[in-house]
Structures are given as structure tokens and as C-alpha cells.
$ cat coords31.tsv   # TSV, C-alpha atoms
chain	number	residue	atom	x	y	z
A	273	MET	CA	0.00	0.00	0.00
A	274	SER	CA	1.57	3.27	-1.10
A	275	ARG	CA	0.84	6.77	0.00
A	276	CYS	CA	0.11	9.43	-2.61
A	277	LEU	CA	1.81	12.74	-2.44
A	278	SER	CA	-0.37	15.53	-1.15
A	279	THR	CA	-1.21	18.30	-3.55
A	280	THR	CA	-2.01	20.74	-0.75
A	281	LEU	CA	0.29	22.58	1.58
A	282	PRO	CA	2.27	20.20	3.78
A	283	THR	CA	0.89	19.69	7.27
A	284	PHE	CA	3.55	19.63	9.97
A	285	ARG	CA	3.47	19.71	13.74
A	286	PHE	CA	5.79	22.71	13.72
A	287	PRO	CA	4.25	25.12	11.18
A	288	LEU	CA	7.19	27.46	11.01
A	289	ALA	CA	9.70	24.65	10.69
A	290	ALA	CA	7.69	23.16	7.81
A	291	ARG	CA	8.81	26.03	5.62
A	292	VAL	CA	12.49	25.23	6.16
A	293	PRO	CA	14.03	23.41	3.18
A	294	VAL	CA	14.63	19.72	3.73
A	295	VAL	CA	18.00	19.77	2.00
A	296	LEU	CA	20.39	21.69	4.28
A	297	THR	CA	24.06	22.27	3.99
A	298	PRO	CA	26.36	20.49	6.48
A	299	LEU	CA	27.57	23.82	7.84
A	300	PHE	CA	24.03	24.94	8.67
A	301	ALA	CA	23.33	21.53	10.21
A	302	ARG	CA	26.35	21.78	12.51
A	303	VAL	CA	25.45	25.35	13.53
A	304	SER	CA	21.85	24.32	14.24
A	305	ALA	CA	22.99	21.31	16.27
A	306	SER	CA	25.35	23.48	18.33
A	307	TRP	CA	22.58	26.00	18.96
A	308	PHE	CA	20.22	23.22	20.05
A	309	CYS	CA	22.79	21.84	22.50
A	310	ALA	CA	23.30	25.28	24.02
A	311	ARG	CA	19.56	26.00	24.13
A	312	PHE	CA	18.38	22.73	25.73
A	313	ARG	CA	21.63	21.84	27.56
A	314	VAL	CA	22.13	18.58	25.67
A	315	PRO	CA	25.68	17.17	25.24
A	316	LEU	CA	27.06	17.67	21.76
A	317	VAL	CA	28.12	14.01	21.67
A	318	VAL	CA	24.46	13.01	21.68
A	319	VAL	CA	23.78	15.11	18.61
A	320	LYS	CA	26.78	13.64	16.80
A	321	ARG	CA	25.33	10.16	17.26
A	322	VAL	CA	22.46	10.99	14.94
A	323	SER	CA	23.34	9.99	11.41
A	324	HIS	CA	21.17	12.44	9.51
A	325	ALA	CA	22.42	15.91	10.45
A	326	GLY	CA	19.83	17.64	8.27
A	327	THR	CA	16.94	15.97	10.09
A	328	VAL	CA	18.35	16.95	13.46
A	329	ALA	CA	18.81	20.54	12.35
A	330	VAL	CA	15.26	20.75	11.01
A	331	TRP	CA	13.87	19.25	14.21
A	332	ALA	CA	15.96	21.57	16.38
A	333	LEU	CA	14.88	24.65	14.45
A	334	GLY	CA	11.26	23.53	14.43
A	335	ALA	CA	11.30	22.83	18.16
A	336	ALA	CA	12.82	26.23	18.85
A	337	LEU	CA	10.21	28.00	16.73
A	338	ALA	CA	7.24	25.99	17.97
A	339	VAL	CA	7.90	25.57	21.68
A	340	PRO	CA	6.87	28.73	23.57
A	341	LEU	CA	9.28	30.34	25.98
A	342	PRO	CA	7.27	29.53	29.14
A	343	ALA	CA	7.20	25.84	28.18
A	344	ALA	CA	10.94	25.81	27.60
A	345	ALA	CA	11.46	27.59	30.89
A	346	GLN	CA	9.38	24.91	32.62
A	347	GLN	CA	11.30	22.07	30.97
A	348	GLN	CA	14.68	23.33	32.19
A	349	PRO	CA	13.80	23.40	35.91
A	350	ALA	CA	12.12	20.00	35.51
A	351	ALA	CA	15.26	18.53	33.98
A	352	HIS	CA	17.38	19.80	36.87
A	353	ALA	CA	14.93	19.26	39.71
A	354	VAL	CA	16.51	16.01	40.81
A	355	SER	CA	20.05	17.42	40.66
A	356	GLY	CA	18.91	20.51	42.59
A	357	ALA	CA	17.35	18.33	45.27
A	358	ALA	CA	20.53	16.31	45.51
A	359	ALA	CA	22.60	19.47	45.77
A	360	HIS	CA	20.26	20.76	48.44
A	361	GLY	CA	20.63	17.54	50.36
A	362	THR	CA	24.40	17.76	50.03
A	363	VAL	CA	24.41	21.34	51.32
A	364	GLY	CA	22.19	20.33	54.21
A	365	ALA	CA	24.56	17.54	55.14
A	366	GLY	CA	27.47	19.97	54.93
A	367	ALA	CA	25.64	22.37	57.24
A	368	VAL	CA	25.09	19.60	59.79
A	369	GLU	CA	28.76	18.66	59.59
A	370	GLY	CA	29.74	22.33	59.97
A	371	ALA	CA	27.54	22.65	63.07
A	372	ASP	CA	29.10	19.54	64.64
A	373	ALA	CA	32.67	20.50	63.64
A	374	PRO	CA	33.57	21.86	67.12
A	375	VAL	CA	32.55	18.54	68.69
A	376	ALA	CA	34.73	16.61	66.25
A	377	THR	CA	37.61	18.98	66.91
A	378	ALA	CA	37.20	18.67	70.66
A	379	GLN	CA	37.38	14.89	70.42
A	380	GLY	CA	40.42	14.97	68.09
A	381	THR	CA	38.76	13.21	65.14
A	382	ASP	CA	41.19	11.91	62.51
A	383	ASP	CA	41.25	13.42	59.03
A	384	ALA	CA	40.64	9.99	57.54
A	385	GLY	CA	36.98	10.02	58.55
A	386	ALA	CA	36.42	13.45	57.01
A	387	ALA	CA	38.18	12.36	53.81
A	388	GLN	CA	36.03	9.23	53.63
A	389	THR	CA	32.85	11.27	54.10
A	390	SER	CA	33.95	13.70	51.39
A	391	ALA	CA	34.69	10.80	49.04
A	392	VAL	CA	31.24	9.31	49.66
A	393	GLU	CA	29.58	12.66	49.01
A	394	LYS	CA	31.55	13.06	45.77
A	395	SER	CA	30.52	9.55	44.74
A	396	PHE	CA	26.86	10.38	45.37
A	397	GLU	CA	27.21	13.60	43.39
A	398	ALA	CA	28.85	11.81	40.46
A	399	ARG	CA	26.12	9.16	40.39
A	400	GLN	CA	23.45	11.86	40.56
A	401	GLN	CA	25.03	13.70	37.65
A	402	ALA	CA	25.12	10.46	35.66
A	403	LEU	CA	21.41	9.88	36.34
A	404	ASP	CA	20.62	13.45	35.32
A	405	ALA	CA	22.60	12.97	32.10
A	406	ARG	CA	20.73	9.72	31.36
A	407	THR	CA	17.42	11.48	31.97
A	408	ALA	CA	18.35	14.28	29.58
A	409	GLN	CA	19.56	11.73	27.00
A	410	ASN	CA	16.34	9.73	27.34
A	411	ASN	CA	14.19	12.82	26.83
A	412	TYR	CA	16.26	13.83	23.85
A	413	ASP	CA	16.04	10.35	22.26
A	414	PHE	CA	12.28	10.34	22.71
A	415	ALA	CA	12.01	13.75	21.08
A	416	VAL	CA	14.08	12.57	18.10
A	417	LYS	CA	12.04	9.38	17.72
A	418	GLN	CA	8.80	11.32	18.06
A	419	HIS	CA	9.93	13.68	15.33
A	420	ASP	CA	10.89	10.78	13.07
A	421	CYS	CA	7.48	9.17	13.63
A	422	TYR	CA	5.70	12.06	11.91
A	423	SER	CA	7.34	11.05	8.65
A	424	ARG	CA	5.89	7.53	8.85
A	425	PHE	CA	2.45	6.16	8.02
A	426	PHE	CA	1.45	4.80	11.45
A	427	VAL	CA	2.30	7.89	13.42
A	428	ASN	CA	0.44	7.07	16.65
A	429	HIS	CA	1.81	3.54	16.80
A	430	CYS	CA	5.34	4.80	16.29
A	431	VAL	CA	4.91	7.51	18.92
A	432	ASN	CA	3.47	5.00	21.40
A	433	ASN	CA	6.42	2.66	20.88
A	434	ALA	CA	8.85	5.53	21.37
A	435	ARG	CA	6.99	6.58	24.51
A	436	ASP	CA	7.05	3.02	25.87
A	437	ALA	CA	10.79	2.80	25.28
A	438	MET	CA	11.24	6.17	26.94
A	439	ARG	CA	9.15	5.09	29.93
A	440	ALA	CA	11.11	1.85	30.27
A	441	VAL	CA	14.39	3.75	30.44
A	442	GLN	CA	12.74	6.25	32.75
A	443	ALA	CA	11.61	3.46	35.09
A	444	ASP	CA	15.15	2.05	35.15
A	445	ILE	CA	16.51	5.51	35.98
A	446	ARG	CA	13.84	5.87	38.65
A	447	ARG	CA	14.86	2.58	40.28
A	448	GLU	CA	18.50	3.65	40.34
A	449	GLN	CA	17.44	7.04	41.72
A	450	LEU	CA	15.55	5.36	44.55
A	451	VAL	CA	18.57	3.19	45.34
A	452	LEU	CA	20.79	6.27	45.36
A	453	ASP	CA	18.35	8.12	47.63
A	454	ASP	CA	18.29	5.16	50.02
A	455	GLU	CA	22.08	5.10	50.13
A	456	LYS	CA	22.15	8.86	50.76
A	457	ARG	CA	19.69	8.52	53.61
A	458	ALA	CA	21.68	5.64	55.08
A	459	GLU	CA	24.92	7.60	54.84
A	460	HIS	CA	23.34	10.66	56.42
A	461	ALA	CA	21.90	8.48	59.19
A	462	ARG	CA	25.35	6.98	59.76
A	463	GLN	CA	26.90	10.43	59.97
A	464	ARG	CA	24.17	11.55	62.34
A	465	ASP	CA	24.71	8.51	64.57
A	466	GLU	CA	28.46	9.13	64.53
A	467	GLN	CA	27.98	12.75	65.52
A	468	GLN	CA	25.60	11.71	68.27
A	469	ALA	CA	28.14	9.20	69.56
A	470	LEU	CA	30.83	11.89	69.57
A	471	GLN	CA	28.49	14.27	71.36
A	472	GLN	CA	27.64	11.64	73.95
A	473	ALA	CA	31.34	10.93	74.51
A	474	GLN	CA	32.01	14.62	74.97
A	475	ASP	CA	29.07	14.94	77.34
A	476	ALA	CA	30.37	12.00	79.36
A	477	GLU	CA	33.82	13.56	79.50
A	478	GLU	CA	32.43	16.92	80.61
A	479	ALA	CA	29.99	15.37	83.10
A	480	PRO	CA	32.26	15.88	86.18
A	481	GLN	CA	32.77	19.54	85.32
A	482	ARG	CA	29.05	20.06	84.79
A	483	ALA	CA	28.30	18.27	88.06
A	484	ALA	CA	30.78	20.48	89.93
A	485	GLN	CA	29.32	23.60	88.32
A	486	ASP	CA	25.79	22.47	89.17
A	487	ALA	CA	26.88	21.87	92.76
A	488	ARG	CA	28.36	25.37	92.98
A	489	ASN	CA	25.23	26.87	91.48
A	490	GLN	CA	23.05	24.94	93.92
A	491	GLN	CA	25.21	26.06	96.85
A	492	ALA	CA	24.97	29.69	95.78
A	493	TYR	CA	21.21	29.35	95.37
A	494	ASP	CA	20.87	27.80	98.83
A	495	ASP	CA	22.96	30.61	100.35
A	496	LYS	CA	20.74	33.21	98.73
A	497	GLN	CA	17.64	31.44	99.97
A	498	ARG	CA	19.00	31.30	103.54
A	499	GLN	CA	19.96	34.98	103.42
A	500	HIS	CA	16.51	35.84	102.13
A	501	ALA	CA	14.93	33.84	104.96
A	502	LEU	CA	17.10	35.68	107.51
A	503	ASP	CA	16.17	39.06	106.06
A	504	GLU	CA	12.50	38.13	106.08
A	505	ALA	CA	12.74	36.97	109.70
A	506	GLN	CA	14.46	40.22	110.66
A	507	ARG	CA	11.75	42.25	108.96
A	508	GLN	CA	9.11	40.22	110.75
A	509	ALA	CA	10.88	40.80	114.07
A	510	GLU	CA	11.09	44.55	113.42
A	511	ALA	CA	7.46	44.77	112.32
A	512	PRO	CA	6.07	45.46	115.86
A	513	GLN	CA	8.64	48.22	116.40
A	514	ARG	CA	7.78	49.82	113.07
A	515	ALA	CA	4.09	49.63	113.90
A	516	ALA	CA	4.74	51.21	117.30
A	517	ASN	CA	6.77	54.00	115.71
A	518	GLU	CA	4.02	54.72	113.21
A	519	GLN	CA	1.42	54.75	115.97
A	520	ALA	CA	3.56	57.11	118.07
A	521	TYR	CA	4.02	59.43	115.12
A	522	GLU	CA	0.28	59.52	114.45
A	523	GLN	CA	-0.36	60.15	118.16
A	524	LYS	CA	2.14	62.99	118.11
A	525	GLN	CA	0.48	64.52	115.08
A	526	ARG	CA	-2.93	64.33	116.73
A	527	GLN	CA	-1.56	65.85	119.93
A	528	HIS	CA	0.05	68.67	117.97
A	529	ALA	CA	-3.26	69.38	116.23
A	530	LEU	CA	-5.05	69.44	119.61
A	531	ASP	CA	-2.45	71.84	121.04
A	532	GLN	CA	-2.85	74.20	118.14
A	533	ALA	CA	-6.64	74.04	118.47
A	534	GLN	CA	-6.39	74.84	122.18
A	535	ARG	CA	-4.11	77.82	121.46
A	536	GLY	CA	-6.67	79.07	118.97
A	537	ILE	CA	-4.44	78.69	115.93
A	538	SER	CA	-6.43	78.14	112.77
A	539	PRO	CA	-5.23	75.77	110.05
A	540	THR	CA	-4.41	78.77	107.86
A	541	GLN	CA	-2.30	80.32	110.60
A	542	ALA	CA	-0.65	76.97	111.24
A	543	ALA	CA	0.24	76.69	107.54
A	544	ALA	CA	1.64	80.23	107.60
A	545	ASN	CA	3.66	79.44	110.71
A	546	GLN	CA	4.99	76.30	109.11
A	547	GLN	CA	5.95	78.23	105.99
A	548	ALA	CA	7.71	80.88	108.08
A	549	TYR	CA	9.53	78.16	109.99
A	550	ASP	CA	10.61	76.48	106.77
A	551	GLN	CA	11.81	79.82	105.40
A	552	LYS	CA	13.77	80.47	108.59
A	553	GLN	CA	15.34	77.03	108.40
A	554	ALA	CA	16.21	77.62	104.73
A	555	ASP	CA	17.83	80.98	105.55
A	556	PHE	CA	19.79	79.44	108.38
A	557	GLN	CA	20.94	76.60	106.13
A	558	ARG	CA	21.98	79.10	103.45
A	559	GLN	CA	23.94	81.17	106.00
A	560	LEU	CA	25.53	77.99	107.32
A	561	ASP	CA	26.55	76.98	103.79
A	562	GLN	CA	28.02	80.43	103.18
A	563	ALA	CA	29.96	80.25	106.44
A	564	HIS	CA	31.32	76.84	105.48
A	565	GLN	CA	32.28	78.16	102.07
A	566	GLN	CA	34.03	81.21	103.57
A	567	ALA	CA	35.84	79.02	106.08
A	568	ALA	CA	37.04	76.73	103.31
A	569	GLN	CA	38.18	79.75	101.29
A	570	LYS	CA	40.07	81.21	104.26
A	571	ALA	CA	41.66	77.86	104.97
A	572	GLN	CA	42.81	77.73	101.37
A	573	GLU	CA	44.24	81.24	101.64
A	574	ARG	CA	46.09	80.30	104.83
A	575	VAL	CA	47.57	77.30	103.12
A	576	GLU	CA	48.68	79.44	100.18
A	577	LYS	CA	50.21	82.06	102.53
A	578	GLN	CA	52.06	79.35	104.43
A	579	GLN	CA	53.42	77.96	101.19
A	580	HIS	CA	54.44	81.46	100.06
A	581	TYR	CA	56.22	82.10	103.39
A	582	GLU	CA	58.07	78.80	103.20
A	583	GLN	CA	59.13	79.59	99.66
A	584	LYS	CA	60.43	83.00	100.77
A	585	GLN	CA	62.42	81.35	103.57
A	586	ILE	CA	63.93	78.93	101.11
A	587	ASP	CA	64.82	81.79	98.73
A	588	ALA	CA	66.38	83.82	101.57
A	589	ALA	CA	68.51	80.88	102.69
A	590	GLN	CA	69.64	80.31	99.14
A	591	HIS	CA	70.46	84.02	98.73
A	592	LYS	CA	72.48	84.00	101.96
A	593	LYS	CA	74.35	80.97	100.79
A	594	ASP	CA	75.11	82.61	97.45
A	595	VAL	CA	76.39	85.81	99.20
A	596	GLU	CA	78.67	83.81	101.47
A	597	GLU	CA	80.02	81.91	98.51
A	598	ARG	CA	80.77	85.14	96.64
A	599	GLN	CA	82.47	86.63	99.73
A	600	ARG	CA	84.62	83.53	100.13
A	601	GLN	CA	85.62	83.66	96.48
A	602	ALA	CA	86.48	87.40	96.80
A	603	ALA	CA	88.63	86.73	99.90
A	604	GLU	CA	90.46	83.95	98.11
A	605	LYS	CA	91.11	86.22	95.14
A	606	ALA	CA	92.41	89.03	97.43
A	607	GLN	CA	94.70	86.63	99.27
A	608	GLN	CA	95.98	85.23	95.99
A	609	LYS	CA	96.60	88.74	94.71
A	610	GLN	CA	98.49	89.69	97.87
A	611	GLN	CA	100.68	86.61	97.57
A	612	ASP	CA	101.40	87.46	93.95
A	613	GLU	CA	102.44	90.99	94.90
A	614	LEU	CA	104.78	89.69	97.64
A	615	LYS	CA	106.40	87.34	95.17
A	616	GLN	CA	106.94	90.17	92.71
A	617	GLN	CA	108.51	92.38	95.40
A	618	GLN	CA	110.80	89.57	96.49
A	619	GLN	CA	111.85	88.99	92.92
A	620	GLN	CA	112.58	92.71	92.46
A	621	LEU	CA	114.76	92.67	95.58
A	622	GLU	CA	116.66	89.60	94.45
A	623	GLN	CA	117.48	90.99	91.00
A	624	PRO	CA	119.92	93.78	92.20
A	625	GLN	CA	121.74	91.32	94.44
A	626	GLN	CA	122.19	88.97	91.56
A	627	GLN	CA	123.49	91.81	89.38
A	628	GLN	CA	126.04	92.86	92.06
A	629	GLN	CA	127.36	89.33	92.31
$ encode --input "coords31.tsv" --output "C-alpha cells"
Amino acid sequence: MSRCLSTTLPTFRFPLAARVPVVLTPLFARVSASWFCARFRVPLVVVKRVSHAGTVAVWALGAALAVPLPAAAQQQPAAHAVSGAAAHGTVGAGAVEGADAPVATAQGTDDAGAAQTSAVEKSFEARQQALDARTAQNNYDFAVKQHDCYSRFFVNHCVNNARDAMRAVQADIRREQLVLDDEKRAEHARQRDEQQALQQAQDAEEAPQRAAQDARNQQAYDDKQRQHALDEAQRQAEAPQRAANEQAYEQKQRQHALDQAQRGISPTQAAANQQAYDQKQADFQRQLDQAHQQAAQKAQERVEKQQHYEQKQIDAAQHKKDVEERQRQAAEKAQQKQQDELKQQQQQLEQPQQQQQ
């Protein structure tokens, strides 16, 4: 059964790509393939595996023209969702390790354990990247097969077969992903148990210190409680005396009011008398403060005069000493001069005698 050529315009899933010529140059095919790899983040090796470069270029250009930008933006996060989750899990594990780093340092953990943990994390990351690459390759292969199916007679059957093959590979990838996730959880649980063991060992080592500190804190608390009880007992013992003092004060106030009433002093006059008394006390206090201030000032002046007198005495003694020193030097000079004159006279007397001889 043959299929007749259509005399109408060709129907194609990608309308804009249908207008692209089927026969393309190799240069344009390579450029289109490179653009597709950069656009959909597909390894260039995958594109090189396809034998017909023109078909790949047409499909790539058609997909780029037909797929809207929001759909492409949704496909990219979906393709990297698993890798992002794995990276997030890795960062979370690193944060836990960073939080427990002081405990490991305190216990003197060897570098071999940290190196082993880092190697395991790198292994998980490499396996996750491989699964992500297989997922991208599977999606790309399905897209290529789906595109090729539109050039065949039984399109739906071909697409269904391609989808089944894609789902089979996807199920295999899913199984490996579950195994990898289980291993990650087991490794994280092992690390958590190890950190808990280290923490328990540190707690056991610090238990005597904590017990001693707790004992000191309890002793201080007990001392404060006993002191509070003593203060409360003292206040209770002084309560009757305070009550008696208050009662005596009130009695004194009442007696004072009765005395003023008997003397015929009205409340207004009593207030005026109190104000005058307060003013008198204030004036007396002000005069007393002034007297204290003047006394302090006079005391300061006396101290300054005493210091000035002592300084004058010191200067006079020094002046007397200087005068005596100058007098002594003058006497020495006069004596030396007199001796010099006597020597000269003696020499003058000796010269004629020497000449006569």
C-alpha cells in the first residue's frame, strides 16, 4: 500500500519549521545542532550520534520556533529538579557537619573520617550527575524518535512505541534514583549517629565539670535562699517596732493638732507658721553653707600664705648661701693677689743682688 503525495500545503506539527528546506548544507546543520545543544543543555556528543544531520537541524529549528518560551522555561527546571534536590541535600549535610565540627575537633577526630565522608559525598554527586545525564539523554532520544514518527504512516503507533521505550528507560533511571536516595539517607543516618556518639562521649567527658558547676550553682542558690529567709525573719521581728513607731508618730500629730486648736491657731495660721519656719530654716541653712564656704576659702588662703612664706624662707637661705660663697671667692682672690704681689717684690729685691754678684 503506497501513499500518494499531497497536492495541498504540507501539514507539519511545527508550522514554522515546515517552511524550512529539507536539503540543508552540512555547515548549517552543525550550527543548528550546536545552537540546540546550548539551548536545551544537551551534550554535543548526543547530537553527533544521529546519522542524519539535516533531520536533526530541522527538528531543532522547528522545536525552537514551535515551543513557547514559558514551556521551555518549565522544561529546564524539571530537567534539573533532581540534581537541585541532591545538591540541596548535600548542602544540608554539609551544614550539619559544619555545626558539629567543634565537637569533632574537641574529640580529636582523625582526618581519615572526614576524607572518607567527602569521598562518599563526591561519589553520590557523580552518580546523581550520571542519572541526570541519562534522563536528559532519554528525553532527547524520545524527542528525536517522536519527530521521526511524523514522517511515517502509522504515526500514533510509532509515537506510542517511542513513549514506551522512553518510559522503560525512565523506570530504570527511577529505580536507580531510589537506590541512590536510600544510600544517601543511610549515609546521612550513619553520619548523624556518629555525631551523636561523639556528642555523647564529649558529654560523658564533661559530666564531672558540669556536676561540679551544678553543685556550685546549687550552693549559691541555697545561700541566697537562707539569706533571704534571715532578712525576712528580721523584717518580721522589726514589724512590731515599726508599727509602734508609726502609731507614736500619728499620736504625736494628733496631739500637735489638739495643742494648736487649744491655742486658737487656725489651720491657715498653722500653715503660715509652718511656711515661716521652713523659710527660717532655709535661711539658716543658706547662712551655714556660706559660712562653710568662707571658712574653706580662708583655709585655702592660709595654706597658700604658708606655702608662700616657706618659699620665701627657702629663697632667703639660698640668697644667703650665694652671698657667702661670693664673699669667700672674693677673699680667696684678694689673698691670691696679695701673695702674687709679695712674690713680685721679692723677685725685684733679688734681682739687684744677683746683678752685684
$ atom_distance --input "coords31.tsv" --atom1 "atom CA of Gln449 of chain A" --atom2 "atom CA of Leu403 of chain A"
7.3 Å
$ atom_distance --input "coords31.tsv" --atom1 "atom CA of Gln553 of chain A" --atom2 "atom CA of Ala529 of chain A"
21.6 Å
$ closest_residue --input "coords31.tsv" --among "A:Gln559, A:Ala542, A:Phe396, A:Arg526" --to "Val451 of chain A" --atoms "only C-alpha atoms"
A:Phe396
$ atom_distance --input "coords31.tsv" --atom1 "atom CA of Asn545 of chain A" --atom2 "atom CA of Ala563 of chain A"
26.7 Å
$ closest_residue --input "coords31.tsv" --among "A:Asn410, A:Gln590, A:Gln506, A:Thr540" --to "Asp436 of chain A" --atoms "only C-alpha atoms"
A:Asn410
